[in-house]
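A.B. asks: Just so it is clear, I am handing over work23.csv, which has CSV, C-alpha atoms.
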```csv
chain,number,residue,atom,x,y,z
A,12,VAL,CA,-7.8,5.1,22.6
A,13,TRP,CA,-10.2,2.2,22.6
A,14,ALA,CA,-10.2,0.5,26.0
A,15,GLY,CA,-11.7,-2.8,24.8
A,16,GLY,CA,-15.1,-4.2,25.2
A,17,GLY,CA,-17.8,-4.7,22.6
A,18,ARG,CA,-20.7,-3.1,20.8
A,19,GLY,CA,-23.0,-0.7,22.6
A,20,ARG,CA,-20.8,0.6,25.5
A,21,GLY,CA,-20.3,4.0,23.9
A,22,LYS,CA,-17.7,6.6,24.7
A,23,GLU,CA,-16.8,5.0,28.1
A,24,GLU,CA,-14.9,2.4,26.1
A,25,CYS,CA,-12.2,5.1,25.3
A,26,GLU,CA,-9.6,6.8,27.3
A,27,ALA,CA,-7.1,9.6,26.6
A,28,SER,CA,-3.9,8.5,24.8
A,29,LYS,CA,-0.8,8.5,26.9
A,30,LYS,CA,1.5,9.6,24.0
A,31,PRO,CA,1.1,11.4,20.7
A,32,ILE,CA,1.3,9.9,17.2
A,33,THR,CA,4.7,10.5,15.6
A,34,LEU,CA,5.6,10.7,11.9
A,35,LEU,CA,7.5,7.4,12.4
A,36,ASP,CA,4.2,5.8,13.8
A,37,VAL,CA,2.4,7.0,10.7
A,38,MET,CA,4.9,5.5,8.3
A,39,ARG,CA,5.5,2.2,10.0
A,40,HIS,CA,1.8,1.5,10.8
A,41,THR,CA,2.1,1.8,14.6
A,42,SER,CA,-0.2,4.9,15.0
A,43,GLY,CA,-3.1,2.9,16.4
A,44,THR,CA,-5.4,3.9,13.5
A,45,PHE,CA,-6.8,1.0,11.5
A,46,TYR,CA,-8.7,-0.3,8.5
A,47,PRO,CA,-12.0,-2.1,9.1
A,48,ALA,CA,-11.7,-5.7,7.8
A,49,ASN,CA,-13.6,-6.1,4.5
A,50,PRO,CA,-13.9,-9.7,3.4
A,51,ALA,CA,-15.7,-8.6,0.2
A,52,ASN,CA,-12.5,-7.0,-1.3
A,53,GLY,CA,-9.9,-8.7,1.0
A,54,THR,CA,-8.8,-5.7,3.0
A,55,PRO,CA,-7.0,-6.9,6.1
A,56,GLY,CA,-8.1,-5.0,9.2
A,57,VAL,CA,-9.7,-5.0,12.7
A,58,GLN,CA,-12.9,-6.9,13.3
A,59,ASP,CA,-14.2,-5.4,16.5
A,60,PRO,CA,-17.8,-4.1,15.8
A,61,PHE,CA,-17.4,-1.0,17.9
A,62,LEU,CA,-14.2,0.2,16.1
A,63,ILE,CA,-15.7,-0.6,12.7
A,64,ASP,CA,-18.9,1.3,13.5
A,65,SER,CA,-16.9,4.3,14.6
A,66,PHE,CA,-14.8,4.3,11.4
A,67,LEU,CA,-17.9,4.1,9.2
A,68,LYS,CA,-20.1,6.6,11.1
A,69,ASN,CA,-17.4,9.2,10.9
A,70,GLY,CA,-17.3,8.9,7.1
A,71,VAL,CA,-13.5,8.6,6.9
A,72,ARG,CA,-13.7,7.4,3.3
A,73,GLN,CA,-16.1,10.2,2.3
A,74,ALA,CA,-13.6,12.9,2.9
A,75,GLN,CA,-13.0,15.1,-0.1
A,76,SER,CA,-9.5,16.4,0.8
A,77,PRO,CA,-6.5,15.1,2.7
A,78,GLU,CA,-7.2,17.7,5.5
A,79,GLU,CA,-10.8,16.7,5.8
A,80,PHE,CA,-9.6,13.0,5.9
A,81,SER,CA,-7.3,13.9,8.9
A,82,ARG,CA,-10.2,15.6,10.7
A,83,ARG,CA,-12.5,12.7,10.3
A,84,LEU,CA,-9.9,10.1,11.2
A,85,ALA,CA,-9.2,12.0,14.4
A,86,GLN,CA,-12.7,11.3,15.5
A,87,VAL,CA,-12.2,7.6,15.4
A,88,PRO,CA,-10.8,5.9,18.5
A,89,LEU,CA,-7.3,4.4,18.2
A,90,ALA,CA,-7.2,0.6,18.4
A,91,HIS,CA,-4.2,0.8,20.7
A,92,GLU,CA,-1.7,3.3,22.1
A,93,PRO,CA,0.7,4.8,19.4
A,94,GLY,CA,3.9,2.9,19.1
A,95,LEU,CA,2.6,-0.2,20.8
A,96,GLN,CA,2.2,-2.6,17.9
A,97,PHE,CA,1.9,-2.9,14.1
A,98,THR,CA,-1.6,-2.4,12.8
A,99,TYR,CA,-2.1,-1.9,9.1
A,100,SER,CA,-4.0,1.4,8.7
A,101,PRO,CA,-4.8,4.4,6.5
A,102,ALA,CA,-2.4,6.6,8.6
A,103,THR,CA,-0.2,7.0,5.6
A,104,ALA,CA,-3.0,9.1,4.1
A,105,LEU,CA,-1.9,11.8,6.7
A,106,ILE,CA,1.4,12.3,4.8
A,107,PRO,CA,-0.3,14.5,2.1
A,108,VAL,CA,-1.6,16.7,4.9
A,109,ILE,CA,1.9,17.1,6.4
A,110,VAL,CA,3.5,17.7,3.0
A,111,GLU,CA,0.9,20.3,2.0
A,112,LYS,CA,1.4,22.2,5.3
A,113,ILE,CA,5.2,22.3,4.9
A,114,THR,CA,5.4,23.0,1.2
A,115,GLY,CA,2.2,25.0,0.6
A,116,MET,CA,1.7,22.9,-2.6
A,117,PRO,CA,-1.0,20.4,-3.4
A,118,TYR,CA,0.4,16.9,-2.7
A,119,GLU,CA,0.0,15.6,-6.2
A,120,GLU,CA,1.9,18.6,-7.6
A,121,TYR,CA,4.7,18.2,-5.0
A,122,LEU,CA,5.0,14.5,-5.7
A,123,ASP,CA,5.1,15.1,-9.5
A,124,GLU,CA,7.8,17.7,-9.1
A,125,VAL,CA,10.2,16.0,-6.7
A,126,LEU,CA,9.7,12.3,-7.6
A,127,LEU,CA,7.6,11.3,-10.7
A,128,ARG,CA,9.1,13.7,-13.3
A,129,PRO,CA,12.7,13.2,-12.2
A,130,LEU,CA,12.3,9.5,-12.6
A,131,GLY,CA,10.5,9.8,-15.9
A,132,MET,CA,7.2,8.3,-14.5
A,133,ARG,CA,4.9,10.1,-17.0
A,134,ASN,CA,2.0,7.6,-16.6
A,135,THR,CA,1.8,7.7,-12.8
A,136,GLY,CA,-0.4,10.0,-10.7
A,137,PHE,CA,-3.6,10.5,-8.8
A,138,PHE,CA,-5.6,12.0,-11.6
A,139,LEU,CA,-5.9,11.1,-15.3
A,140,LYS,CA,-4.4,13.8,-17.6
A,141,ASP,CA,-6.3,13.2,-20.8
A,142,ASN,CA,-8.5,10.9,-22.9
A,143,GLU,CA,-5.5,8.9,-24.0
A,144,GLN,CA,-4.8,7.9,-20.4
A,145,ARG,CA,-8.5,7.2,-19.8
A,146,GLY,CA,-8.5,4.8,-22.8
A,147,ARG,CA,-5.6,2.8,-21.2
A,148,LEU,CA,-7.1,2.6,-17.7
A,149,ALA,CA,-7.3,-1.2,-17.0
A,150,ASN,CA,-10.5,-2.9,-16.0
A,151,LEU,CA,-10.9,-4.3,-12.5
A,152,TYR,CA,-12.2,-7.8,-12.2
A,153,GLU,CA,-13.9,-9.8,-9.3
A,154,ARG,CA,-13.6,-13.5,-8.7
A,155,TRP,CA,-17.0,-14.8,-9.5
A,156,GLU,CA,-17.3,-18.6,-9.8
A,157,ARG,CA,-14.9,-21.5,-9.2
A,158,ARG,CA,-14.5,-24.0,-12.0
A,159,GLY,CA,-12.3,-26.9,-10.8
A,160,LEU,CA,-8.9,-25.5,-10.0
A,161,SER,CA,-9.6,-22.2,-11.7
A,162,TYR,CA,-12.0,-19.3,-11.3
A,163,ASP,CA,-14.2,-17.3,-13.6
A,164,PHE,CA,-13.9,-13.5,-13.3
A,165,GLN,CA,-16.3,-10.8,-14.2
A,166,GLU,CA,-15.7,-7.1,-14.5
A,167,ALA,CA,-16.3,-5.2,-11.3
A,168,GLU,CA,-19.3,-2.9,-11.1
A,169,ARG,CA,-17.0,0.0,-10.0
A,170,LYS,CA,-13.4,0.8,-9.9
A,171,ILE,CA,-11.6,1.4,-6.6
A,172,PHE,CA,-11.0,5.1,-7.6
A,173,THR,CA,-12.2,7.3,-10.4
A,174,TYR,CA,-8.8,9.0,-10.9
A,175,GLU,CA,-10.7,12.0,-12.2
A,176,ARG,CA,-9.7,15.5,-11.0
A,177,GLY,CA,-12.2,16.8,-8.6
A,178,SER,CA,-12.5,13.5,-6.8
A,179,ALA,CA,-10.9,12.9,-3.4
A,180,LEU,CA,-7.1,12.3,-3.3
A,181,ASN,CA,-6.5,9.1,-1.4
A,182,GLY,CA,-3.0,9.3,0.0
A,183,ASP,CA,-2.9,5.7,1.3
A,184,GLY,CA,-3.5,4.1,-2.1
A,185,GLY,CA,-5.1,6.1,-4.8
A,186,MET,CA,-2.5,6.2,-7.6
A,187,PHE,CA,-2.4,4.6,-11.1
A,188,SER,CA,0.7,3.6,-13.0
A,189,THR,CA,2.1,1.2,-15.5
A,190,ILE,CA,4.5,-1.6,-15.1
A,191,GLN,CA,7.1,0.4,-17.1
A,192,ASP,CA,6.8,3.3,-14.7
A,193,TYR,CA,6.8,1.1,-11.7
A,194,GLN,CA,10.0,-0.5,-13.0
A,195,ARG,CA,11.6,2.9,-12.9
A,196,PHE,CA,10.6,3.4,-9.3
A,197,VAL,CA,11.8,0.0,-8.2
A,198,ARG,CA,15.1,0.4,-10.0
A,199,TRP,CA,15.6,3.8,-8.3
A,200,MET,CA,14.9,2.1,-4.9
A,201,LEU,CA,17.5,-0.5,-5.7
A,202,SER,CA,20.2,2.0,-6.8
A,203,LEU,CA,21.7,3.3,-3.6
A,204,GLU,CA,24.1,5.4,-5.6
A,205,ASP,CA,21.3,7.4,-7.2
A,206,ASN,CA,21.1,10.3,-4.7
A,207,ARG,CA,19.1,12.7,-7.0
A,208,ILE,CA,16.0,12.8,-4.8
A,209,VAL,CA,17.0,11.4,-1.3
A,210,PRO,CA,20.4,10.6,0.2
A,211,LYS,CA,21.6,7.0,0.4
A,212,ASP,CA,21.0,6.6,4.1
A,213,LEU,CA,17.4,7.8,3.9
A,214,LYS,CA,16.7,5.4,1.1
A,215,GLN,CA,18.1,2.6,3.1
A,216,SER,CA,15.9,3.6,6.0
A,217,PHE,CA,12.9,3.2,3.7
A,218,CYS,CA,13.5,-0.2,2.3
A,219,GLN,CA,16.3,-1.9,4.3
A,220,THR,CA,15.9,-0.9,8.0
A,221,ASP,CA,13.4,-2.7,10.2
A,222,HIS,CA,11.9,0.1,12.2
A,223,LEU,CA,9.7,-2.3,14.1
A,224,ALA,CA,12.6,-4.4,15.4
A,225,ARG,CA,14.3,-1.2,16.6
A,226,GLN,CA,11.5,-0.8,19.1
A,227,GLY,CA,11.2,-4.4,20.0
A,228,LEU,CA,8.1,-4.8,17.8
A,229,ALA,CA,7.3,-7.2,15.0
A,230,MET,CA,4.9,-7.7,12.1
A,231,PRO,CA,2.6,-10.7,12.8
A,232,GLU,CA,3.8,-13.5,10.6
A,233,ASP,CA,0.3,-14.4,9.6
A,234,PHE,CA,-0.2,-11.0,8.1
A,235,LEU,CA,1.9,-11.6,5.0
A,236,GLY,CA,2.3,-15.3,5.3
A,237,PHE,CA,6.1,-15.1,6.0
A,238,ALA,CA,8.3,-13.5,8.6
A,239,SER,CA,9.3,-9.9,8.0
A,240,GLY,CA,9.8,-6.5,9.5
A,241,PHE,CA,8.7,-3.1,8.2
A,242,GLY,CA,10.7,-0.2,6.9
A,243,LEU,CA,9.0,3.1,6.0
A,244,GLY,CA,6.5,1.9,3.4
A,245,THR,CA,7.6,-1.7,2.6
A,246,TYR,CA,8.2,-4.9,4.4
A,247,VAL,CA,11.8,-5.8,4.9
A,248,THR,CA,13.5,-9.2,5.6
A,249,PRO,CA,17.0,-10.0,6.9
A,250,GLN,CA,17.7,-11.6,3.5
A,251,GLY,CA,17.5,-8.1,1.9
A,252,LEU,CA,14.1,-8.4,0.4
A,253,CYS,CA,11.5,-5.7,0.4
A,254,GLY,CA,8.1,-5.1,-1.2
A,255,TRP,CA,4.5,-4.2,-0.8
A,256,SER,CA,1.1,-4.6,-2.4
A,257,GLY,CA,-2.0,-2.7,-3.6
A,258,LEU,CA,-5.7,-3.6,-3.2
A,259,ALA,CA,-6.2,-4.6,-6.8
A,260,ASN,CA,-3.6,-7.4,-6.3
A,261,THR,CA,-0.8,-5.2,-7.6
A,262,HIS,CA,2.5,-6.4,-6.0
A,263,PHE,CA,6.2,-5.8,-6.1
A,264,VAL,CA,9.2,-7.4,-4.4
A,265,CYS,CA,12.9,-6.7,-4.9
A,266,ASP,CA,16.2,-8.1,-3.7
A,267,GLN,CA,18.4,-5.3,-2.4
A,268,ARG,CA,21.6,-7.5,-2.7
A,269,THR,CA,21.2,-8.8,-6.2
A,270,GLY,CA,19.1,-6.1,-7.8
A,271,ARG,CA,16.4,-8.6,-9.0
A,272,TYR,CA,12.8,-7.7,-8.7
A,273,ALA,CA,9.3,-8.8,-9.7
A,274,ILE,CA,6.1,-6.8,-10.4
A,275,ALA,CA,2.6,-8.2,-10.8
A,276,MET,CA,-0.5,-6.2,-11.7
A,277,ALA,CA,-3.4,-8.6,-11.6
A,278,GLN,CA,-6.3,-6.0,-11.4
A,279,CYS,CA,-8.6,-8.4,-9.6
A,280,LEU,CA,-10.4,-8.7,-6.3
A,281,PRO,CA,-10.5,-9.9,-3.6
A,282,PHE,CA,-7.1,-8.9,-2.4
A,283,SER,CA,-4.7,-11.6,-1.2
A,284,TRP,CA,-1.2,-11.5,0.3
A,285,ARG,CA,-0.7,-14.9,-1.3
A,286,TRP,CA,0.7,-13.2,-4.5
A,287,GLN,CA,3.3,-11.5,-2.4
A,288,GLU,CA,4.2,-14.7,-0.7
A,289,LEU,CA,4.7,-16.5,-4.0
A,290,MET,CA,6.8,-13.7,-5.5
A,291,THR,CA,9.0,-13.6,-2.4
A,292,VAL,CA,9.5,-17.3,-2.6
A,293,ARG,CA,10.5,-17.1,-6.2
A,294,LEU,CA,13.2,-14.5,-5.6
A,295,ARG,CA,14.5,-16.6,-2.7
A,296,ARG,CA,14.7,-19.6,-5.1
A,297,TRP,CA,16.8,-17.5,-7.5
A,298,GLU,CA,19.2,-17.0,-4.6
A,299,GLY,CA,19.1,-20.7,-3.7
A,300,LYS,CA,17.5,-19.9,-0.3
A,301,VAL,CA,14.5,-22.2,-0.9
A,302,GLY,CA,14.8,-25.6,-2.4
A,303,GLY,CA,12.6,-27.5,-4.8
A,304,PRO,CA,11.5,-26.8,-8.4
A,305,ASP,CA,10.3,-23.3,-9.4
A,306,ARG,CA,6.7,-23.8,-10.6
A,307,THR,CA,5.8,-20.1,-10.9
A,308,LYS,CA,5.1,-18.7,-14.3
A,309,LYS,CA,6.6,-15.7,-15.9
A,310,LEU,CA,4.3,-12.6,-15.7
A,311,LYS,CA,3.2,-10.8,-18.8
A,312,LYS,CA,3.6,-7.0,-19.2
A,313,PRO,CA,0.3,-5.2,-19.5
A,314,SER,CA,0.3,-1.8,-21.3
A,315,GLU,CA,-2.7,-0.6,-19.4
A,316,LEU,CA,-2.7,1.9,-16.6
A,317,SER,CA,-3.1,0.0,-13.3
A,318,ALA,CA,-3.5,0.7,-9.6
A,319,PRO,CA,-0.3,-0.2,-7.7
A,320,GLU,CA,-1.1,2.0,-4.7
```
Here is a file; write its structure as structure tokens.
C.D. replies:
Amino acid sequence: VWAGGGRGRGKEECEASKKPITLLDVMRHTSGTFYPANPANGTPGVQDPFLIDSFLKNGVRQAQSPEEFSRRLAQVPLAHEPGLQFTYSPATALIPVIVEKITGMPYEEYLDEVLLRPLGMRNTGFFLKDNEQRGRLANLYERWERRGLSYDFQEAERKIFTYERGSALNGDGGMFSTIQDYQRFVRWMLSLEDNRIVPKDLKQSFCQTDHLARQGLAMPEDFLGFASGFGLGTYVTPQGLCGWSGLANTHFVCDQRTGRYAIAMAQCLPFSWRWQELMTVRLRRWEGKVGGPDRTKKLKKPSELSAPE
């Protein structure tokens, strides 16, 4: 565990962790692992030079398999003791390692068998299946130049992931999908009576229970731009809202009490939580929780494969 300080002090800045990382820590972002902040694409993360250097020098993102990812990540000091606070991190990429050890199956095959196929999500996965899917892979754009109140965008030089078999599987955000498939997933989350895959209480634990508050913890309000807790993969609010976002500005939010939801797949960088904040405000206006006129516009449905993470 990093003991604080700054660049150049070396290993003496670290000390042995007082407790192990639990699966709950991995899923609620309290493991102590972290993302380095990246202003170029909008990734929220730590800004200490020592921690960033350690993450980069250990080549965490160069790992070619989930198991190699776990070994490289284990060489990076934790930003804090496990269970101490919320720190957004790639710890969820450890889930494929755990699944593969338990099931003996490649993670993408397991996920397809137990979740994607049962829900009819035929256009969702880590790796493109054929040329037909390759032809529908959406472009990724970068904000380039401001013109008055709007921006010009240009196509990014590279996509976030290749989605080609043989490339690394990124368990913390390397999937493609379509809005239609994502609708199937969100509707399944909203339907607590659909117990085909997981029982009702477990689904509630994912998207309704605030697992931070149970430990006296909280998500920093400035992280999302509004007050919320965290379930096991999504933020949660006392008003029954939950949602999350992907790096290419792909966002979803849903209202557990009314069944309403919104999905946006912008396919542009840099990332901003502002989209999530606006979508959440819109759902609250539908419920009459926030006053004033609704100036948000309806979102169009793209047919392309996108990157919801």
A.B. asks: Check the smallest atom-to-atom distance from each of A:Glu288, A:Glu168, A:Glu79, A:Asp36 to Glu153 (chain A) using only C-alpha atoms, then report the winner.
C.D. replies: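 The answer is A:Glu168, which sits nearest to Glu153 (chain A).
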A.B. asks: Write out as CSV a residue-level contact list of region 29-56 of chain A versus region 181-197 of chain A with cut-off 12 Å: for each qualifying residue the closest pair of atoms and the distance in Å to one decimal, counting all atoms listed in the file, rows sorted by chain and residue number upward.
C.D. replies:
```
residue,atom,partner,partner_atom,distance
A:Val37,CA,A:Asp183,CA,10.9
A:Met38,CA,A:Asp183,CA,10.5
A:His40,CA,A:Asp183,CA,11.4
A:Phe45,CA,A:Asp183,CA,11.9
A:Tyr46,CA,A:Asp183,CA,11.0
```
A.B. asks: Could you work out how far CA of Gly254 (chain A) lies from CA of Phe241 (chain A), giving the answer in Å with one decimal?
C.D. replies: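 About the pair CA of Phe241 (chain A) and CA of Gly254 (chain A): they are 9.6 Å apart.
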A.B. asks: Using all atoms listed in the file, determine which residues lie at most 9 Å from region 223-228 of chain A, disregarding the query and same-chain residues fewer than 3 positions distant; provide the list as an MDAnalysis selection string.
C.D. replies: chainID A and resid 39 41 94:97 220 240:242
A.B. asks: Distance CA of Leu62 (chain A)-CA of Lys29 (chain A), one decimal place?
C.D. replies: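 A separation of 19.1 Å between them.
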A.B. asks: Hey, which of A:Met230, A:Leu35, A:Leu122, A:Cys25 ends up closest to Thr103 (chain A)? Count all atoms listed in the file.
C.D. replies: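 Among A:Met230, A:Leu35, A:Leu122, A:Cys25, it is A:Leu35 that comes nearest to Thr103 (chain A).
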